[in-house]
Amino acid sequence: MKKLILLLVITLLVISFIIGGILNLIFNFRNNNPTITSEQEYYLPEITLNTLEEEKIKFNEITQPTILLFWLPQSKSCQQQLEVLTTINNKYSEQIKILAVGIGALSSTELKEVAEQRELDFQIVIDSQAELTEKLKVTTIPTLLLYHPQQESQKLVGFKNESELEEKLKQYFSKLTPS
């Protein structure tokens with residue numbers, strides 16, 4: 001009886017393994033569909049958030065190269081990343097849009113103070129319900145998301161110094177030149 005049960009368990013495991021392999025092949029085939037061309041357009045999620053100035057930004061309608069910074073004002077590495085992005089914005093503002101996405105129930109007054117102290121010339125939006133953050137699977141701060149409508153987004157997790165970030169930007173945004 002014990003041999004029969006053991007044989008049945010082994011048979012079920014082998015069948016499960018085979019079915020899992022077949023499903024993996026099917027889904028990988030769909031994900032690697034060769035009909036996708038280089039003219040494929042990529043979109044950010046269909047989420048609308050407000051800037052500190054109460055302007056609405058529809059993320060699925062962003063059509064220009066953009067850097068999204070997911071951050072919290074209490075984080076020192078996020079504060080440092082804001083400084084780096086200020087320098088990057090001064091160099092590439094005509095080619096890249098920068099949006100700083102504050103995550104959670106943040107005070108707009110506090111964020112305005114940070115923007116004034118850091119002399120930020122890019123927009124800050126508040127993701128109070130963490131909708132955008134969840135959709136883009138951001139789990140660490142700071143996280144930078146490089147977005148271009150004709151390329152898959154690239155996520156950069158953790159603090160990036162100016163030279164490292166500039167190198168990543170030049171790789172991702174191939175036609176990037178300082179203003």
# chains A, B, ... in the order shown; residues from 1 in each chain; ligands from 1
call {"tool": "residues_around", "arguments": {"residues": "Leu111 in chain A", "least_positions_apart": "4", "cutoff": "12 Å", "atoms": "only C-alpha atoms", "output": "ChimeraX atom specification"}}
result
/A:51-53,71-74,79,100-107,115-120,123-126
call {"tool": "select_by_dssp", "arguments": {"residues": "chain A", "states": "strand (DSSP E)", "output": "MDAnalysis selection string"}}
result
chainID A and resid 48:51 56:58 66:71 97:103 123:127 143:148 151:157
call {"tool": "write_last_selection", "arguments": {"atoms": "N, CA and C atoms", "output": "mmCIF file, in the first residue's frame"}}
result
data_model
loop_
_atom_site.group_PDB
_atom_site.id
_atom_site.type_symbol
_atom_site.label_atom_id
_atom_site.label_comp_id
_atom_site.auth_asym_id
_atom_site.auth_seq_id
_atom_site.Cartn_x
_atom_site.Cartn_y
_atom_site.Cartn_z
ATOM 1 N N THR A 48 -4.009 59.401 -13.087
ATOM 2 C CA THR A 48 -3.891 60.858 -13.070
ATOM 3 C C THR A 48 -3.541 61.290 -11.652
ATOM 4 N N LEU A 49 -2.473 62.077 -11.525
ATOM 5 C CA LEU A 49 -2.058 62.607 -10.230
ATOM 6 C C LEU A 49 -1.948 64.119 -10.325
ATOM 7 N N ASN A 50 -2.024 64.782 -9.183
ATOM 8 C CA ASN A 50 -1.921 66.243 -9.124
ATOM 9 C C ASN A 50 -0.510 66.676 -8.763
ATOM 10 N N THR A 51 -0.098 67.787 -9.367
ATOM 11 C CA THR A 51 1.164 68.411 -8.983
ATOM 12 C C THR A 51 0.903 69.274 -7.750
ATOM 13 N N LYS A 56 -3.201 68.628 -13.180
ATOM 14 C CA LYS A 56 -3.369 67.180 -13.322
ATOM 15 C C LYS A 56 -2.403 66.649 -14.384
ATOM 16 N N ILE A 57 -1.734 65.537 -14.050
ATOM 17 C CA ILE A 57 -0.851 64.873 -15.007
ATOM 18 C C ILE A 57 -1.405 63.483 -15.263
ATOM 19 N N LYS A 58 -1.730 63.215 -16.527
ATOM 20 C CA LYS A 58 -2.196 61.894 -16.943
ATOM 21 C C LYS A 58 -0.970 61.137 -17.451
ATOM 22 N N THR A 66 11.041 61.035 -20.246
ATOM 23 C CA THR A 66 10.764 61.475 -18.883
ATOM 24 C C THR A 66 11.523 60.625 -17.874
ATOM 25 N N ILE A 67 11.954 61.289 -16.802
ATOM 26 C CA ILE A 67 12.523 60.590 -15.649
ATOM 27 C C ILE A 67 11.528 60.756 -14.510
ATOM 28 N N LEU A 68 11.097 59.638 -13.934
ATOM 29 C CA LEU A 68 10.234 59.674 -12.763
ATOM 30 C C LEU A 68 11.077 59.285 -11.557
ATOM 31 N N LEU A 69 11.090 60.130 -10.544
ATOM 32 C CA LEU A 69 11.765 59.809 -9.290
ATOM 33 C C LEU A 69 10.697 59.491 -8.256
ATOM 34 N N PHE A 70 10.739 58.285 -7.707
ATOM 35 C CA PHE A 70 9.849 57.901 -6.615
ATOM 36 C C PHE A 70 10.630 58.123 -5.331
ATOM 37 N N TRP A 71 10.069 58.957 -4.434
ATOM 38 C CA TRP A 71 10.839 59.404 -3.276
ATOM 39 C C TRP A 71 9.961 59.741 -2.093
ATOM 40 N N LYS A 97 11.972 65.460 -19.515
ATOM 41 C CA LYS A 97 11.110 65.993 -18.470
ATOM 42 C C LYS A 97 11.390 65.199 -17.192
ATOM 43 N N ILE A 98 11.398 65.871 -16.043
ATOM 44 C CA ILE A 98 11.599 65.194 -14.767
ATOM 45 C C ILE A 98 10.370 65.415 -13.901
ATOM 46 N N LEU A 99 9.876 64.320 -13.331
ATOM 47 C CA LEU A 99 8.761 64.372 -12.390
ATOM 48 C C LEU A 99 9.184 63.664 -11.109
ATOM 49 N N ALA A 100 9.068 64.351 -9.981
ATOM 50 C CA ALA A 100 9.357 63.752 -8.685
ATOM 51 C C ALA A 100 8.034 63.296 -8.087
ATOM 52 N N VAL A 101 7.894 61.983 -7.880
ATOM 53 C CA VAL A 101 6.643 61.404 -7.398
ATOM 54 C C VAL A 101 6.774 61.125 -5.898
ATOM 55 N N GLY A 102 6.149 61.982 -5.088
ATOM 56 C CA GLY A 102 6.127 61.767 -3.641
ATOM 57 C C GLY A 102 5.112 60.686 -3.317
ATOM 58 N N ILE A 103 5.514 59.714 -2.514
ATOM 59 C CA ILE A 103 4.675 58.539 -2.253
ATOM 60 C C ILE A 103 3.999 58.656 -0.887
ATOM 61 N N GLN A 123 8.592 69.385 -11.776
ATOM 62 C CA GLN A 123 7.329 69.220 -11.064
ATOM 63 C C GLN A 123 7.392 68.102 -10.022
ATOM 64 N N ILE A 124 6.649 68.320 -8.956
ATOM 65 C CA ILE A 124 6.462 67.297 -7.930
ATOM 66 C C ILE A 124 4.993 66.899 -7.960
ATOM 67 N N VAL A 125 4.744 65.609 -8.008
ATOM 68 C CA VAL A 125 3.378 65.091 -7.946
ATOM 69 C C VAL A 125 3.266 64.220 -6.696
ATOM 70 N N ILE A 126 2.051 64.119 -6.189
ATOM 71 C CA ILE A 126 1.821 63.327 -4.982
ATOM 72 C C ILE A 126 0.998 62.098 -5.340
ATOM 73 N N ASP A 127 1.585 60.925 -5.081
ATOM 74 C CA ASP A 127 0.910 59.643 -5.277
ATOM 75 C C ASP A 127 0.380 59.199 -3.915
ATOM 76 N N THR A 143 13.799 55.392 -6.320
ATOM 77 C CA THR A 143 13.795 54.635 -7.569
ATOM 78 C C THR A 143 13.576 55.621 -8.696
ATOM 79 N N LEU A 144 14.376 55.493 -9.737
ATOM 80 C CA LEU A 144 14.216 56.304 -10.941
ATOM 81 C C LEU A 144 13.652 55.407 -12.037
ATOM 82 N N LEU A 145 12.670 55.913 -12.758
ATOM 83 C CA LEU A 145 12.130 55.189 -13.898
ATOM 84 C C LEU A 145 12.401 56.043 -15.130
ATOM 85 N N LEU A 146 13.155 55.495 -16.059
ATOM 86 C CA LEU A 146 13.437 56.184 -17.322
ATOM 87 C C LEU A 146 12.367 55.760 -18.304
ATOM 88 N N TYR A 147 11.698 56.745 -18.901
ATOM 89 C CA TYR A 147 10.587 56.448 -19.806
ATOM 90 C C TYR A 147 10.768 57.152 -21.135
ATOM 91 N N HIS A 148 10.565 56.401 -22.198
ATOM 92 C CA HIS A 148 10.516 56.940 -23.562
ATOM 93 C C HIS A 148 9.394 56.193 -24.264
ATOM 94 N N GLN A 151 10.362 52.958 -26.168
ATOM 95 C CA GLN A 151 11.238 51.983 -25.510
ATOM 96 C C GLN A 151 10.570 51.469 -24.251
ATOM 97 N N GLU A 152 10.944 50.257 -23.860
ATOM 98 C CA GLU A 152 10.487 49.777 -22.565
ATOM 99 C C GLU A 152 11.149 50.616 -21.491
ATOM 100 N N SER A 153 10.416 50.884 -20.430
ATOM 101 C CA SER A 153 10.964 51.677 -19.331
ATOM 102 C C SER A 153 12.130 50.944 -18.680
ATOM 103 N N GLN A 154 13.017 51.723 -18.086
ATOM 104 C CA GLN A 154 14.138 51.146 -17.345
ATOM 105 C C GLN A 154 14.085 51.674 -15.922
ATOM 106 N N LYS A 155 14.192 50.767 -14.968
ATOM 107 C CA LYS A 155 14.123 51.128 -13.555
ATOM 108 C C LYS A 155 15.530 51.139 -12.971
ATOM 109 N N LEU A 156 15.861 52.214 -12.257
ATOM 110 C CA LEU A 156 17.140 52.338 -11.558
ATOM 111 C C LEU A 156 16.822 52.442 -10.069
ATOM 112 N N VAL A 157 17.226 51.441 -9.313
ATOM 113 C CA VAL A 157 16.879 51.370 -7.896
ATOM 114 C C VAL A 157 18.044 51.866 -7.049
#
call {"tool": "select_by_dssp", "arguments": {"residues": "range 6-168 of chain A", "states": "helix (DSSP H, G or I)", "output": "PyMOL selection string"}}
result
chain A and resi 6-31+59-61+76-92+108-117+131-135+162-168
call {"tool": "closest_residue", "arguments": {"among": "A:Ile96, A:Pro149, A:Val84, A:Leu12", "to": "Glu61 in chain A", "atoms": "only C-alpha atoms"}}
result
A:Pro149
call {"tool": "closest_residue", "arguments": {"among": "A:Ile26, A:Leu132, A:Val114, A:Ile62", "to": "Tyr43 in chain A", "atoms": "only C-alpha atoms"}}
result
A:Ile62
call {"tool": "atom_distance", "arguments": {"atom1": "CA of Val138 in chain A", "atom2": "CA of Glu110 in chain A"}}
result
22.5 Å
call {"tool": "closest_residue", "arguments": {"among": "A:Lys112, A:Lys91, A:Lys76, A:Lys2", "to": "Glu166 in chain A", "atoms": "only C-alpha atoms"}}
result
A:Lys91
call {"tool": "atom_distance", "arguments": {"atom1": "CA of Asn60 in chain A", "atom2": "CA of Lys170 in chain A"}}
result
23.7 Å
call {"tool": "closest_residue", "arguments": {"among": "A:Pro65, A:Pro45, A:Gln129, A:Gln80", "to": "Tyr172 in chain A", "atoms": "only C-alpha atoms"}}
result
A:Pro65
call {"tool": "atom_distance", "arguments": {"atom1": "CA of Leu44 in chain A", "atom2": "CA of Glu167 in chain A"}}
result
23.4 Å
call {"tool": "decode", "arguments": {"residues": "range 41-169 of chain A", "atoms": "C-alpha atoms", "output": "compact mmCIF listing (two decimals), in the first residue's frame"}}
result
# COMPACT_ATOMS: atom_id res chain seq x y z
CA GLU A 41 4.70 52.48 -28.44
CA TYR A 42 4.89 52.04 -24.70
CA TYR A 43 2.64 53.78 -22.23
CA LEU A 44 2.71 54.50 -18.54
CA PRO A 45 -0.35 53.37 -16.52
CA GLU A 46 -3.64 55.19 -16.92
CA ILE A 47 -3.37 57.15 -13.67
CA THR A 48 -3.89 60.86 -13.07
CA LEU A 49 -2.06 62.61 -10.23
CA ASN A 50 -1.92 66.24 -9.12
CA THR A 51 1.16 68.41 -8.98
CA LEU A 52 1.79 70.75 -6.06
CA GLU A 53 0.21 73.49 -8.20
CA GLU A 54 -2.96 71.33 -8.57
CA GLU A 55 -2.21 70.64 -12.24
CA LYS A 56 -3.37 67.18 -13.32
CA ILE A 57 -0.85 64.87 -15.01
CA LYS A 58 -2.20 61.89 -16.94
CA PHE A 59 0.71 59.47 -17.00
CA ASN A 60 -0.57 57.43 -19.95
CA GLU A 61 -0.52 60.64 -22.04
CA ILE A 62 3.15 61.49 -21.43
CA THR A 63 4.76 61.56 -24.87
CA GLN A 64 8.22 62.92 -24.20
CA PRO A 65 11.30 61.32 -22.63
CA THR A 66 10.76 61.47 -18.88
CA ILE A 67 12.52 60.59 -15.65
CA LEU A 68 10.23 59.67 -12.76
CA LEU A 69 11.76 59.81 -9.29
CA PHE A 70 9.85 57.90 -6.62
CA TRP A 71 10.84 59.40 -3.28
CA LEU A 72 10.00 60.39 0.28
CA PRO A 73 11.01 63.74 1.77
CA GLN A 74 12.30 62.10 4.99
CA SER A 75 14.90 60.00 3.15
CA LYS A 76 18.44 61.40 2.96
CA SER A 77 19.24 59.38 -0.17
CA CYS A 78 16.09 60.78 -1.80
CA GLN A 79 17.20 64.31 -0.89
CA GLN A 80 20.59 63.60 -2.49
CA GLN A 81 18.86 62.20 -5.58
CA LEU A 82 16.86 65.43 -5.86
CA GLU A 83 20.14 67.39 -5.91
CA VAL A 84 21.52 65.17 -8.67
CA LEU A 85 18.30 65.53 -10.68
CA THR A 86 18.49 69.32 -10.32
CA THR A 87 21.91 69.23 -12.00
CA ILE A 88 20.65 66.81 -14.67
CA ASN A 89 17.64 69.06 -15.27
CA ASN A 90 19.91 72.07 -15.75
CA LYS A 91 21.86 70.15 -18.42
CA TYR A 92 19.06 68.35 -20.26
CA SER A 93 15.81 70.24 -19.53
CA GLU A 94 15.05 70.72 -23.23
CA GLN A 95 15.28 66.98 -23.91
CA ILE A 96 14.02 65.25 -20.77
CA LYS A 97 11.11 65.99 -18.47
CA ILE A 98 11.60 65.19 -14.77
CA LEU A 99 8.76 64.37 -12.39
CA ALA A 100 9.36 63.75 -8.68
CA VAL A 101 6.64 61.40 -7.40
CA GLY A 102 6.13 61.77 -3.64
CA ILE A 103 4.68 58.54 -2.25
CA GLY A 104 1.95 58.38 0.40
CA ALA A 105 -0.09 60.84 2.42
CA LEU A 106 2.37 63.71 2.16
CA SER A 107 1.72 67.30 3.06
CA SER A 108 1.83 69.55 0.01
CA THR A 109 3.15 72.30 2.29
CA GLU A 110 6.08 70.12 3.32
CA LEU A 111 6.81 69.22 -0.30
CA LYS A 112 6.63 72.88 -1.35
CA GLU A 113 9.21 73.68 1.35
CA VAL A 114 11.50 70.95 0.03
CA ALA A 115 11.05 72.28 -3.51
CA GLU A 116 11.94 75.81 -2.40
CA GLN A 117 14.91 74.73 -0.25
CA ARG A 118 16.33 72.56 -3.06
CA GLU A 119 15.41 75.10 -5.75
CA LEU A 120 13.73 72.41 -7.83
CA ASP A 121 12.63 73.48 -11.32
CA PHE A 122 10.79 70.27 -12.11
CA GLN A 123 7.33 69.22 -11.06
CA ILE A 124 6.46 67.30 -7.93
CA VAL A 125 3.38 65.09 -7.95
CA ILE A 126 1.82 63.33 -4.98
CA ASP A 127 0.91 59.64 -5.28
CA SER A 128 -1.12 59.70 -2.06
CA GLN A 129 -2.73 56.29 -2.63
CA ALA A 130 0.51 54.81 -4.08
CA GLU A 131 -1.43 53.83 -7.23
CA LEU A 132 1.33 54.68 -9.69
CA THR A 133 3.96 53.29 -7.35
CA GLU A 134 2.15 49.94 -7.15
CA LYS A 135 1.40 49.74 -10.89
CA LEU A 136 5.07 50.30 -11.72
CA LYS A 137 6.14 47.86 -8.97
CA VAL A 138 8.33 50.37 -7.15
CA THR A 139 9.38 48.83 -3.83
CA THR A 140 12.49 50.82 -2.91
CA ILE A 141 13.23 54.52 -2.59
CA PRO A 142 14.71 56.31 -4.29
CA THR A 143 13.80 54.63 -7.57
CA LEU A 144 14.22 56.30 -10.94
CA LEU A 145 12.13 55.19 -13.90
CA LEU A 146 13.44 56.18 -17.32
CA TYR A 147 10.59 56.45 -19.81
CA HIS A 148 10.52 56.94 -23.56
CA PRO A 149 7.37 56.22 -25.62
CA GLN A 150 9.32 54.04 -28.10
CA GLN A 151 11.24 51.98 -25.51
CA GLU A 152 10.49 49.78 -22.56
CA SER A 153 10.96 51.68 -19.33
CA GLN A 154 14.14 51.15 -17.35
CA LYS A 155 14.12 51.13 -13.56
CA LEU A 156 17.14 52.34 -11.56
CA VAL A 157 16.88 51.37 -7.90
CA GLY A 158 18.74 53.23 -5.16
CA PHE A 159 20.74 56.44 -5.17
CA LYS A 160 22.63 57.22 -8.40
CA ASN A 161 25.37 59.85 -8.35
CA GLU A 162 25.59 62.36 -11.18
CA SER A 163 28.16 60.57 -13.35
CA GLU A 164 26.49 57.18 -12.93
CA LEU A 165 23.05 58.61 -13.72
CA GLU A 166 24.31 60.60 -16.69
CA GLU A 167 25.89 57.44 -18.14
CA LYS A 168 22.62 55.51 -17.70
CA LEU A 169 20.68 58.37 -19.31
